[in-house]
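Visitor: So here's entry-v9.txt, just compact mmCIF, N, CA and C atoms:
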```
# COMPACT_ATOMS: atom_id res chain seq x y z
N MET A 1 -2.02 10.49 12.50
CA MET A 1 -1.63 9.13 12.24
C MET A 1 -0.12 9.07 12.06
N GLN A 2 0.46 8.11 12.68
CA GLN A 2 1.89 7.92 12.52
C GLN A 2 2.13 6.96 11.36
N THR A 3 3.01 7.34 10.47
CA THR A 3 3.33 6.54 9.31
C THR A 3 4.83 6.55 9.11
N LEU A 4 5.39 5.41 8.81
CA LEU A 4 6.81 5.31 8.52
C LEU A 4 6.99 5.27 7.01
N LEU A 5 7.92 6.05 6.51
CA LEU A 5 8.22 6.08 5.08
C LEU A 5 9.64 5.58 4.85
N ALA A 6 9.82 4.79 3.84
CA ALA A 6 11.16 4.36 3.44
C ALA A 6 11.27 4.56 1.94
N HIS A 7 12.27 5.32 1.53
CA HIS A 7 12.48 5.58 0.11
C HIS A 7 13.67 4.74 -0.34
N LYS A 8 13.38 3.79 -1.21
CA LYS A 8 14.44 3.00 -1.83
C LYS A 8 14.25 3.22 -3.33
N GLN A 9 14.68 4.39 -3.80
CA GLN A 9 14.41 4.77 -5.18
C GLN A 9 14.64 3.59 -6.10
N PRO A 10 13.73 3.33 -6.99
CA PRO A 10 12.54 4.11 -7.34
C PRO A 10 11.27 3.64 -6.61
N ILE A 11 11.43 2.98 -5.45
CA ILE A 11 10.29 2.44 -4.70
C ILE A 11 10.14 3.17 -3.38
N THR A 12 8.91 3.52 -3.02
CA THR A 12 8.62 4.09 -1.72
C THR A 12 7.75 3.11 -0.95
N VAL A 13 8.17 2.81 0.27
CA VAL A 13 7.39 1.94 1.14
C VAL A 13 6.74 2.81 2.21
N ILE A 14 5.42 2.69 2.35
CA ILE A 14 4.67 3.42 3.36
C ILE A 14 4.12 2.42 4.36
N ARG A 15 4.37 2.68 5.63
CA ARG A 15 3.93 1.74 6.67
C ARG A 15 3.06 2.47 7.70
N PRO A 16 1.74 2.48 7.46
CA PRO A 16 0.85 3.10 8.44
C PRO A 16 0.83 2.27 9.73
N LEU A 17 0.62 2.96 10.85
CA LEU A 17 0.64 2.29 12.15
C LEU A 17 -0.74 2.32 12.80
N ASP A 18 -1.10 1.22 13.40
CA ASP A 18 -2.31 1.05 14.22
C ASP A 18 -3.60 1.05 13.41
N TYR A 19 -4.25 2.21 13.28
CA TYR A 19 -5.57 2.28 12.66
C TYR A 19 -5.54 2.99 11.31
N LEU A 20 -6.26 2.43 10.37
CA LEU A 20 -6.46 3.07 9.07
C LEU A 20 -7.98 3.23 8.95
N ASN A 21 -8.47 4.36 9.48
CA ASN A 21 -9.91 4.55 9.58
C ASN A 21 -10.29 5.99 9.25
N ALA A 22 -11.56 6.33 9.50
CA ALA A 22 -12.06 7.66 9.16
C ALA A 22 -11.26 8.77 9.84
N ALA A 23 -10.77 8.51 11.05
CA ALA A 23 -10.03 9.53 11.78
C ALA A 23 -8.62 9.74 11.24
N THR A 24 -8.06 8.73 10.58
CA THR A 24 -6.66 8.81 10.14
C THR A 24 -6.49 8.84 8.63
N CYS A 25 -7.53 8.53 7.88
CA CYS A 25 -7.35 8.35 6.43
C CYS A 25 -7.06 9.65 5.70
N GLY A 26 -7.47 10.80 6.24
CA GLY A 26 -7.17 12.07 5.57
C GLY A 26 -5.67 12.31 5.49
N GLU A 27 -5.01 12.18 6.63
CA GLU A 27 -3.56 12.36 6.66
C GLU A 27 -2.86 11.27 5.85
N PHE A 28 -3.33 10.03 6.00
CA PHE A 28 -2.74 8.93 5.25
C PHE A 28 -2.88 9.16 3.75
N GLY A 29 -4.04 9.63 3.31
CA GLY A 29 -4.27 9.91 1.90
C GLY A 29 -3.32 10.98 1.37
N ARG A 30 -3.09 12.01 2.18
CA ARG A 30 -2.13 13.06 1.77
C ARG A 30 -0.72 12.48 1.65
N GLN A 31 -0.35 11.62 2.58
CA GLN A 31 0.98 11.00 2.52
C GLN A 31 1.10 10.10 1.29
N LEU A 32 0.04 9.38 0.97
CA LEU A 32 0.05 8.54 -0.24
C LEU A 32 0.21 9.41 -1.49
N THR A 33 -0.55 10.49 -1.56
CA THR A 33 -0.48 11.38 -2.72
C THR A 33 0.94 11.92 -2.89
N THR A 34 1.55 12.36 -1.81
CA THR A 34 2.91 12.87 -1.85
C THR A 34 3.88 11.80 -2.33
N ALA A 35 3.75 10.59 -1.79
CA ALA A 35 4.66 9.50 -2.16
C ALA A 35 4.49 9.11 -3.62
N ILE A 36 3.25 9.00 -4.08
CA ILE A 36 2.99 8.57 -5.45
C ILE A 36 3.47 9.60 -6.45
N SER A 37 3.29 10.88 -6.14
CA SER A 37 3.64 11.92 -7.10
C SER A 37 5.09 12.39 -7.00
N ALA A 38 5.87 11.83 -6.08
CA ALA A 38 7.27 12.24 -5.93
C ALA A 38 8.06 11.91 -7.21
N PRO A 39 8.94 12.80 -7.63
CA PRO A 39 9.75 12.56 -8.83
C PRO A 39 10.61 11.30 -8.67
N GLY A 40 10.66 10.51 -9.73
CA GLY A 40 11.52 9.34 -9.75
C GLY A 40 10.91 8.08 -9.17
N VAL A 41 9.76 8.18 -8.54
CA VAL A 41 9.12 7.00 -7.95
C VAL A 41 8.39 6.23 -9.04
N VAL A 42 8.63 4.92 -9.10
CA VAL A 42 7.91 4.09 -10.06
C VAL A 42 6.96 3.12 -9.36
N ALA A 43 7.17 2.92 -8.05
CA ALA A 43 6.32 1.98 -7.32
C ALA A 43 6.14 2.46 -5.88
N VAL A 44 4.91 2.25 -5.38
CA VAL A 44 4.60 2.52 -3.98
C VAL A 44 4.09 1.21 -3.38
N LEU A 45 4.68 0.84 -2.26
CA LEU A 45 4.29 -0.37 -1.55
C LEU A 45 3.75 0.05 -0.19
N VAL A 46 2.51 -0.33 0.11
CA VAL A 46 1.92 -0.03 1.41
C VAL A 46 2.06 -1.28 2.27
N ASP A 47 2.89 -1.17 3.31
CA ASP A 47 3.15 -2.27 4.23
C ASP A 47 2.13 -2.17 5.36
N LEU A 48 1.17 -3.10 5.38
CA LEU A 48 0.09 -3.07 6.36
C LEU A 48 0.40 -3.89 7.61
N GLY A 49 1.64 -4.30 7.79
CA GLY A 49 2.02 -5.16 8.91
C GLY A 49 1.74 -4.58 10.28
N ALA A 50 1.73 -3.27 10.42
CA ALA A 50 1.50 -2.64 11.72
C ALA A 50 0.08 -2.09 11.86
N VAL A 51 -0.79 -2.35 10.87
CA VAL A 51 -2.17 -1.88 10.93
C VAL A 51 -3.00 -2.94 11.65
N THR A 52 -3.69 -2.52 12.71
CA THR A 52 -4.50 -3.45 13.49
C THR A 52 -5.98 -3.35 13.17
N PHE A 53 -6.39 -2.26 12.49
CA PHE A 53 -7.79 -2.07 12.17
C PHE A 53 -7.91 -1.23 10.91
N ILE A 54 -8.85 -1.62 10.04
CA ILE A 54 -9.15 -0.83 8.84
C ILE A 54 -10.66 -0.78 8.67
N ASP A 55 -11.17 0.39 8.29
CA ASP A 55 -12.60 0.51 8.01
C ASP A 55 -12.79 0.94 6.56
N SER A 56 -14.04 1.25 6.19
CA SER A 56 -14.32 1.58 4.80
C SER A 56 -13.58 2.84 4.35
N ALA A 57 -13.37 3.79 5.25
CA ALA A 57 -12.62 5.00 4.89
C ALA A 57 -11.16 4.65 4.60
N GLY A 58 -10.61 3.75 5.36
CA GLY A 58 -9.24 3.29 5.11
C GLY A 58 -9.13 2.56 3.78
N LEU A 59 -10.13 1.74 3.49
CA LEU A 59 -10.15 1.04 2.20
C LEU A 59 -10.23 2.03 1.05
N MET A 60 -11.06 3.06 1.22
CA MET A 60 -11.19 4.07 0.16
C MET A 60 -9.89 4.83 -0.05
N ALA A 61 -9.14 5.08 1.02
CA ALA A 61 -7.85 5.75 0.88
C ALA A 61 -6.90 4.88 0.05
N LEU A 62 -6.93 3.57 0.28
CA LEU A 62 -6.08 2.66 -0.50
C LEU A 62 -6.52 2.63 -1.97
N VAL A 63 -7.83 2.58 -2.20
CA VAL A 63 -8.35 2.57 -3.58
C VAL A 63 -7.99 3.87 -4.29
N SER A 64 -8.11 5.00 -3.58
CA SER A 64 -7.74 6.29 -4.18
C SER A 64 -6.26 6.32 -4.54
N GLY A 65 -5.43 5.77 -3.67
CA GLY A 65 -4.00 5.69 -3.95
C GLY A 65 -3.72 4.85 -5.19
N LEU A 66 -4.41 3.73 -5.29
CA LEU A 66 -4.26 2.85 -6.46
C LEU A 66 -4.66 3.58 -7.74
N LYS A 67 -5.78 4.29 -7.70
CA LYS A 67 -6.24 5.03 -8.88
C LYS A 67 -5.24 6.11 -9.28
N GLN A 68 -4.74 6.84 -8.29
CA GLN A 68 -3.77 7.89 -8.59
C GLN A 68 -2.49 7.30 -9.19
N ALA A 69 -2.03 6.19 -8.61
CA ALA A 69 -0.81 5.55 -9.11
C ALA A 69 -1.00 5.09 -10.55
N LYS A 70 -2.14 4.46 -10.84
CA LYS A 70 -2.40 3.99 -12.21
C LYS A 70 -2.43 5.17 -13.18
N LYS A 71 -3.07 6.27 -12.75
CA LYS A 71 -3.16 7.46 -13.60
C LYS A 71 -1.77 8.00 -13.94
N MET A 72 -0.84 7.86 -12.99
CA MET A 72 0.52 8.37 -13.18
C MET A 72 1.47 7.31 -13.73
N GLY A 73 0.94 6.12 -14.03
CA GLY A 73 1.78 5.06 -14.59
C GLY A 73 2.71 4.42 -13.57
N ARG A 74 2.29 4.41 -12.32
CA ARG A 74 3.13 3.86 -11.26
C ARG A 74 2.48 2.62 -10.65
N SER A 75 3.31 1.76 -10.14
CA SER A 75 2.86 0.54 -9.50
C SER A 75 2.40 0.85 -8.07
N PHE A 76 1.35 0.15 -7.60
CA PHE A 76 0.83 0.33 -6.24
C PHE A 76 0.47 -1.03 -5.70
N SER A 77 1.13 -1.45 -4.63
CA SER A 77 0.92 -2.79 -4.07
C SER A 77 0.78 -2.73 -2.56
N LEU A 78 0.27 -3.81 -2.00
CA LEU A 78 0.16 -3.98 -0.56
C LEU A 78 1.00 -5.16 -0.13
N CYS A 79 1.44 -5.14 1.13
CA CYS A 79 2.13 -6.31 1.67
C CYS A 79 1.90 -6.41 3.17
N SER A 80 2.31 -7.55 3.72
CA SER A 80 2.23 -7.83 5.17
C SER A 80 0.81 -7.62 5.69
N VAL A 81 -0.15 -8.21 4.99
CA VAL A 81 -1.56 -8.07 5.35
C VAL A 81 -1.91 -9.13 6.38
N SER A 82 -2.38 -8.68 7.55
CA SER A 82 -2.76 -9.62 8.61
C SER A 82 -4.00 -10.41 8.19
N PRO A 83 -4.25 -11.55 8.84
CA PRO A 83 -5.45 -12.34 8.48
C PRO A 83 -6.75 -11.54 8.62
N GLY A 84 -6.88 -10.70 9.65
CA GLY A 84 -8.09 -9.91 9.82
C GLY A 84 -8.29 -8.90 8.71
N ILE A 85 -7.23 -8.23 8.33
CA ILE A 85 -7.34 -7.24 7.26
C ILE A 85 -7.50 -7.93 5.91
N ARG A 86 -6.88 -9.08 5.74
CA ARG A 86 -7.08 -9.84 4.50
C ARG A 86 -8.55 -10.22 4.36
N MET A 87 -9.19 -10.58 5.47
CA MET A 87 -10.61 -10.94 5.43
C MET A 87 -11.45 -9.75 4.98
N VAL A 88 -11.13 -8.56 5.48
CA VAL A 88 -11.85 -7.35 5.06
C VAL A 88 -11.65 -7.12 3.56
N LEU A 89 -10.42 -7.29 3.08
CA LEU A 89 -10.14 -7.13 1.65
C LEU A 89 -10.90 -8.17 0.82
N GLU A 90 -10.97 -9.40 1.33
CA GLU A 90 -11.69 -10.45 0.61
C GLU A 90 -13.19 -10.19 0.59
N LEU A 91 -13.75 -9.78 1.74
CA LEU A 91 -15.19 -9.51 1.80
C LEU A 91 -15.59 -8.37 0.87
N SER A 92 -14.71 -7.40 0.72
CA SER A 92 -14.99 -6.27 -0.17
C SER A 92 -14.51 -6.54 -1.60
N GLN A 93 -13.95 -7.72 -1.81
CA GLN A 93 -13.39 -8.17 -3.09
C GLN A 93 -12.24 -7.29 -3.58
N LEU A 94 -11.64 -6.54 -2.67
CA LEU A 94 -10.48 -5.71 -3.04
C LEU A 94 -9.21 -6.54 -3.13
N ASP A 95 -9.24 -7.77 -2.62
CA ASP A 95 -8.08 -8.64 -2.78
C ASP A 95 -7.86 -8.97 -4.25
N ARG A 96 -8.89 -8.79 -5.07
CA ARG A 96 -8.78 -9.02 -6.52
C ARG A 96 -8.27 -7.79 -7.26
N VAL A 97 -8.33 -6.63 -6.58
CA VAL A 97 -7.94 -5.37 -7.20
C VAL A 97 -6.48 -5.05 -6.93
N PHE A 98 -6.05 -5.29 -5.69
CA PHE A 98 -4.68 -4.96 -5.29
C PHE A 98 -3.73 -6.13 -5.53
N GLU A 99 -2.52 -5.79 -5.90
CA GLU A 99 -1.45 -6.78 -5.92
C GLU A 99 -0.94 -6.87 -4.49
N ILE A 100 -1.03 -8.07 -3.89
CA ILE A 100 -0.69 -8.25 -2.49
C ILE A 100 0.49 -9.20 -2.36
N PHE A 101 1.52 -8.76 -1.64
CA PHE A 101 2.72 -9.55 -1.40
C PHE A 101 2.78 -9.98 0.05
N GLU A 102 3.47 -11.08 0.30
CA GLU A 102 3.60 -11.59 1.66
C GLU A 102 4.31 -10.58 2.56
N ASN A 103 5.38 -9.97 2.06
CA ASN A 103 6.14 -8.99 2.84
C ASN A 103 6.98 -8.14 1.88
N VAL A 104 7.76 -7.22 2.45
CA VAL A 104 8.58 -6.32 1.63
C VAL A 104 9.62 -7.13 0.84
N ASP A 105 10.20 -8.16 1.46
CA ASP A 105 11.21 -8.96 0.78
C ASP A 105 10.63 -9.68 -0.45
N SER A 106 9.41 -10.20 -0.34
CA SER A 106 8.82 -10.88 -1.50
C SER A 106 8.50 -9.87 -2.61
N PHE A 107 8.12 -8.65 -2.24
CA PHE A 107 7.92 -7.59 -3.23
C PHE A 107 9.24 -7.29 -3.93
N ASP A 108 10.30 -7.10 -3.14
CA ASP A 108 11.63 -6.81 -3.71
C ASP A 108 12.08 -7.92 -4.64
N ALA A 109 11.88 -9.18 -4.21
CA ALA A 109 12.32 -10.32 -5.01
C ALA A 109 11.60 -10.37 -6.35
N GLU A 110 10.29 -10.17 -6.33
CA GLU A 110 9.53 -10.23 -7.58
C GLU A 110 9.89 -9.07 -8.49
N ASN A 111 10.07 -7.90 -7.93
CA ASN A 111 10.38 -6.73 -8.74
C ASN A 111 11.81 -6.74 -9.25
N SER A 112 12.73 -7.38 -8.53
CA SER A 112 14.10 -7.47 -9.06
C SER A 112 14.14 -8.47 -10.21
N CYS A 113 13.31 -9.51 -10.15
CA CYS A 113 13.23 -10.46 -11.26
C CYS A 113 12.68 -9.78 -12.52
N VAL A 114 11.68 -8.93 -12.33
CA VAL A 114 11.07 -8.22 -13.46
C VAL A 114 12.12 -7.31 -14.10
N LYS A 115 12.92 -6.63 -13.28
CA LYS A 115 13.92 -5.70 -13.82
C LYS A 115 15.01 -6.42 -14.60
N GLN A 116 15.28 -7.69 -14.22
CA GLN A 116 16.35 -8.42 -14.89
C GLN A 116 15.94 -8.92 -16.27
N HIS A 117 14.63 -9.07 -16.49
CA HIS A 117 14.19 -9.63 -17.77
C HIS A 117 14.06 -8.59 -18.80
```
Go ahead and express the file in the form of structure tokens.
Guide:
Amino acid sequence: MQTLLAHKQPITVIRPLDYLNAATCGEFGRQLTTAISAPGVVAVLVDLGAVTFIDSAGLMALVSGLKQAKKMGRSFSLCSVSPGIRMVLELSQLDRVFEIFENVDSFDAENSCVKQH
């Protein structure tokens, strides 16, 4: 699986490409684990803008990432969720579990406001 990583300390943005499914979730899960456990990281943002398909294995990889982040006291959010993937999140009620932002800029804006207060 091809994944783009952007480190804007203390935030890491992970952008999986194309499919987030049983065939790709193992590698994606390892990349999430590495990003979440990296020193100095306080937040991980998964940008789903380039994901065209997600299955239950992909959803479980996201849930595992969220659990790991919470255990380590780190923020874990999603952004740029397409209508099709949003529907999958809603049907599985995971839209209530994940903090979902419109895009990376809206994540940055909200988190910069939090830092200022």
Visitor: Quick one: everything within 5 Å of region 59-76 of chain A, counting only N, CA and C atoms, minus sequence neighbours fewer than 3 positions away in the same chain. Send it as a list in words.
Guide: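 My reading of the contact set: Val42, Ala43, Val44, Asp55 and Ser56 of chain A.
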Visitor: Counting all atoms listed in the file, which of A:Arg15, A:Phe101, A:Ile54, A:Ala23 gets nearest to Val88 (chain A)?
Guide: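 Under the stated criterion, the closest residue is A:Ile54.
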Visitor: To one decimal in Å, tell me the separation between atom C of Asp108 (chain A) and CA of Leu32 (chain A).
Guide: 20.9 Å
Visitor: Would you return as number ranges by chain the members of region 26-96 of chain A that DSSP assigns to strand (DSSP E or B) on this structure's backbone?
Guide: A: 43-47, 51-54, 75-79
Visitor: Can you write out the residues you just picked, keeping N, CA and C atoms, as an mmCIF file, in the coordinates of the input?
Guide:
```cif
data_model
loop_
_atom_site.group_PDB
_atom_site.id
_atom_site.type_symbol
_atom_site.label_atom_id
_atom_site.label_comp_id
_atom_site.auth_asym_id
_atom_site.auth_seq_id
_atom_site.Cartn_x
_atom_site.Cartn_y
_atom_site.Cartn_z
ATOM 1 N N ALA A 43 7.170 2.920 -8.050
ATOM 2 C CA ALA A 43 6.320 1.980 -7.320
ATOM 3 C C ALA A 43 6.140 2.460 -5.880
ATOM 4 N N VAL A 44 4.910 2.250 -5.380
ATOM 5 C CA VAL A 44 4.600 2.520 -3.980
ATOM 6 C C VAL A 44 4.090 1.210 -3.380
ATOM 7 N N LEU A 45 4.680 0.840 -2.260
ATOM 8 C CA LEU A 45 4.290 -0.370 -1.550
ATOM 9 C C LEU A 45 3.750 0.050 -0.190
ATOM 10 N N VAL A 46 2.510 -0.330 0.110
ATOM 11 C CA VAL A 46 1.920 -0.030 1.410
ATOM 12 C C VAL A 46 2.060 -1.280 2.270
ATOM 13 N N ASP A 47 2.890 -1.170 3.310
ATOM 14 C CA ASP A 47 3.150 -2.270 4.230
ATOM 15 C C ASP A 47 2.130 -2.170 5.360
ATOM 16 N N VAL A 51 -0.790 -2.350 10.870
ATOM 17 C CA VAL A 51 -2.170 -1.880 10.930
ATOM 18 C C VAL A 51 -3.000 -2.940 11.650
ATOM 19 N N THR A 52 -3.690 -2.520 12.710
ATOM 20 C CA THR A 52 -4.500 -3.450 13.490
ATOM 21 C C THR A 52 -5.980 -3.350 13.170
ATOM 22 N N PHE A 53 -6.390 -2.260 12.490
ATOM 23 C CA PHE A 53 -7.790 -2.070 12.170
ATOM 24 C C PHE A 53 -7.910 -1.230 10.910
ATOM 25 N N ILE A 54 -8.850 -1.620 10.040
ATOM 26 C CA ILE A 54 -9.150 -0.830 8.840
ATOM 27 C C ILE A 54 -10.660 -0.780 8.670
ATOM 28 N N SER A 75 3.310 1.760 -10.140
ATOM 29 C CA SER A 75 2.860 0.540 -9.500
ATOM 30 C C SER A 75 2.400 0.850 -8.070
ATOM 31 N N PHE A 76 1.350 0.150 -7.600
ATOM 32 C CA PHE A 76 0.830 0.330 -6.240
ATOM 33 C C PHE A 76 0.470 -1.030 -5.700
ATOM 34 N N SER A 77 1.130 -1.450 -4.630
ATOM 35 C CA SER A 77 0.920 -2.790 -4.070
ATOM 36 C C SER A 77 0.780 -2.730 -2.560
ATOM 37 N N LEU A 78 0.270 -3.810 -2.000
ATOM 38 C CA LEU A 78 0.160 -3.980 -0.560
ATOM 39 C C LEU A 78 1.000 -5.160 -0.130
ATOM 40 N N CYS A 79 1.440 -5.140 1.130
ATOM 41 C CA CYS A 79 2.130 -6.310 1.670
ATOM 42 C C CYS A 79 1.900 -6.410 3.170
#
```
Visitor: What's around Cys79 (chain A) at 6 Å? Count only N, CA and C atoms, leave out sequence neighbours fewer than 6 positions away in its own chain, and write the answer as a list in words.
Guide: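 Those residues are Leu45, Val46, Asp47, Leu48, Gly49, Ile100, Phe101, Glu102, Asn103 and Val104 of chain A.
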Visitor: Just N, CA and C atoms for this one: save the residues we selected as a PDB file, in the frame of the given file.
Guide:
```pdb
ATOM      1  N   LEU A  45       4.680   0.840  -2.260  1.00  0.00           N
ATOM      2  CA  LEU A  45       4.290  -0.370  -1.550  1.00  0.00           C
ATOM      3  C   LEU A  45       3.750   0.050  -0.190  1.00  0.00           C
ATOM      4  N   VAL A  46       2.510  -0.330   0.110  1.00  0.00           N
ATOM      5  CA  VAL A  46       1.920  -0.030   1.410  1.00  0.00           C
ATOM      6  C   VAL A  46       2.060  -1.280   2.270  1.00  0.00           C
ATOM      7  N   ASP A  47       2.890  -1.170   3.310  1.00  0.00           N
ATOM      8  CA  ASP A  47       3.150  -2.270   4.230  1.00  0.00           C
ATOM      9  C   ASP A  47       2.130  -2.170   5.360  1.00  0.00           C
ATOM     10  N   LEU A  48       1.170  -3.100   5.380  1.00  0.00           N
ATOM     11  CA  LEU A  48       0.090  -3.070   6.360  1.00  0.00           C
ATOM     12  C   LEU A  48       0.400  -3.890   7.610  1.00  0.00           C
ATOM     13  N   GLY A  49       1.640  -4.300   7.790  1.00  0.00           N
ATOM     14  CA  GLY A  49       2.020  -5.160   8.910  1.00  0.00           C
ATOM     15  C   GLY A  49       1.740  -4.580  10.280  1.00  0.00           C
ATOM     16  N   ILE A 100      -1.030  -8.070  -3.890  1.00  0.00           N
ATOM     17  CA  ILE A 100      -0.690  -8.250  -2.490  1.00  0.00           C
ATOM     18  C   ILE A 100       0.490  -9.200  -2.360  1.00  0.00           C
ATOM     19  N   PHE A 101       1.520  -8.760  -1.640  1.00  0.00           N
ATOM     20  CA  PHE A 101       2.720  -9.550  -1.400  1.00  0.00           C
ATOM     21  C   PHE A 101       2.780  -9.980   0.050  1.00  0.00           C
ATOM     22  N   GLU A 102       3.470 -11.080   0.300  1.00  0.00           N
ATOM     23  CA  GLU A 102       3.600 -11.590   1.660  1.00  0.00           C
ATOM     24  C   GLU A 102       4.310 -10.580   2.560  1.00  0.00           C
ATOM     25  N   ASN A 103       5.380  -9.970   2.060  1.00  0.00           N
ATOM     26  CA  ASN A 103       6.140  -8.990   2.840  1.00  0.00           C
ATOM     27  C   ASN A 103       6.980  -8.140   1.880  1.00  0.00           C
ATOM     28  N   VAL A 104       7.760  -7.220   2.450  1.00  0.00           N
ATOM     29  CA  VAL A 104       8.580  -6.320   1.630  1.00  0.00           C
ATOM     30  C   VAL A 104       9.620  -7.130   0.840  1.00  0.00           C
TER      31      VAL A 104
END
```
Visitor: Distance CA of Pro10 (chain A)-atom C of Val41 (chain A), one decimal place?
Guide: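 Taking CA of Pro10 (chain A) as the start and atom C of Val41 (chain A) as the end point, the length is 5.0 Å.
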Visitor: Would you mind listing what lies within 9 Å of Ile85 (chain A) as a list of chain:residue names, with only C-alpha atoms counted and same-chain residues fewer than 3 positions away left out?
Guide: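 After dropping sequence-adjacent residues, the list is A:Leu48, A:Val51, A:Thr52, A:Phe53, A:Ile54, A:Val81, A:Ser82, A:Val88, A:Leu89, A:Glu90.
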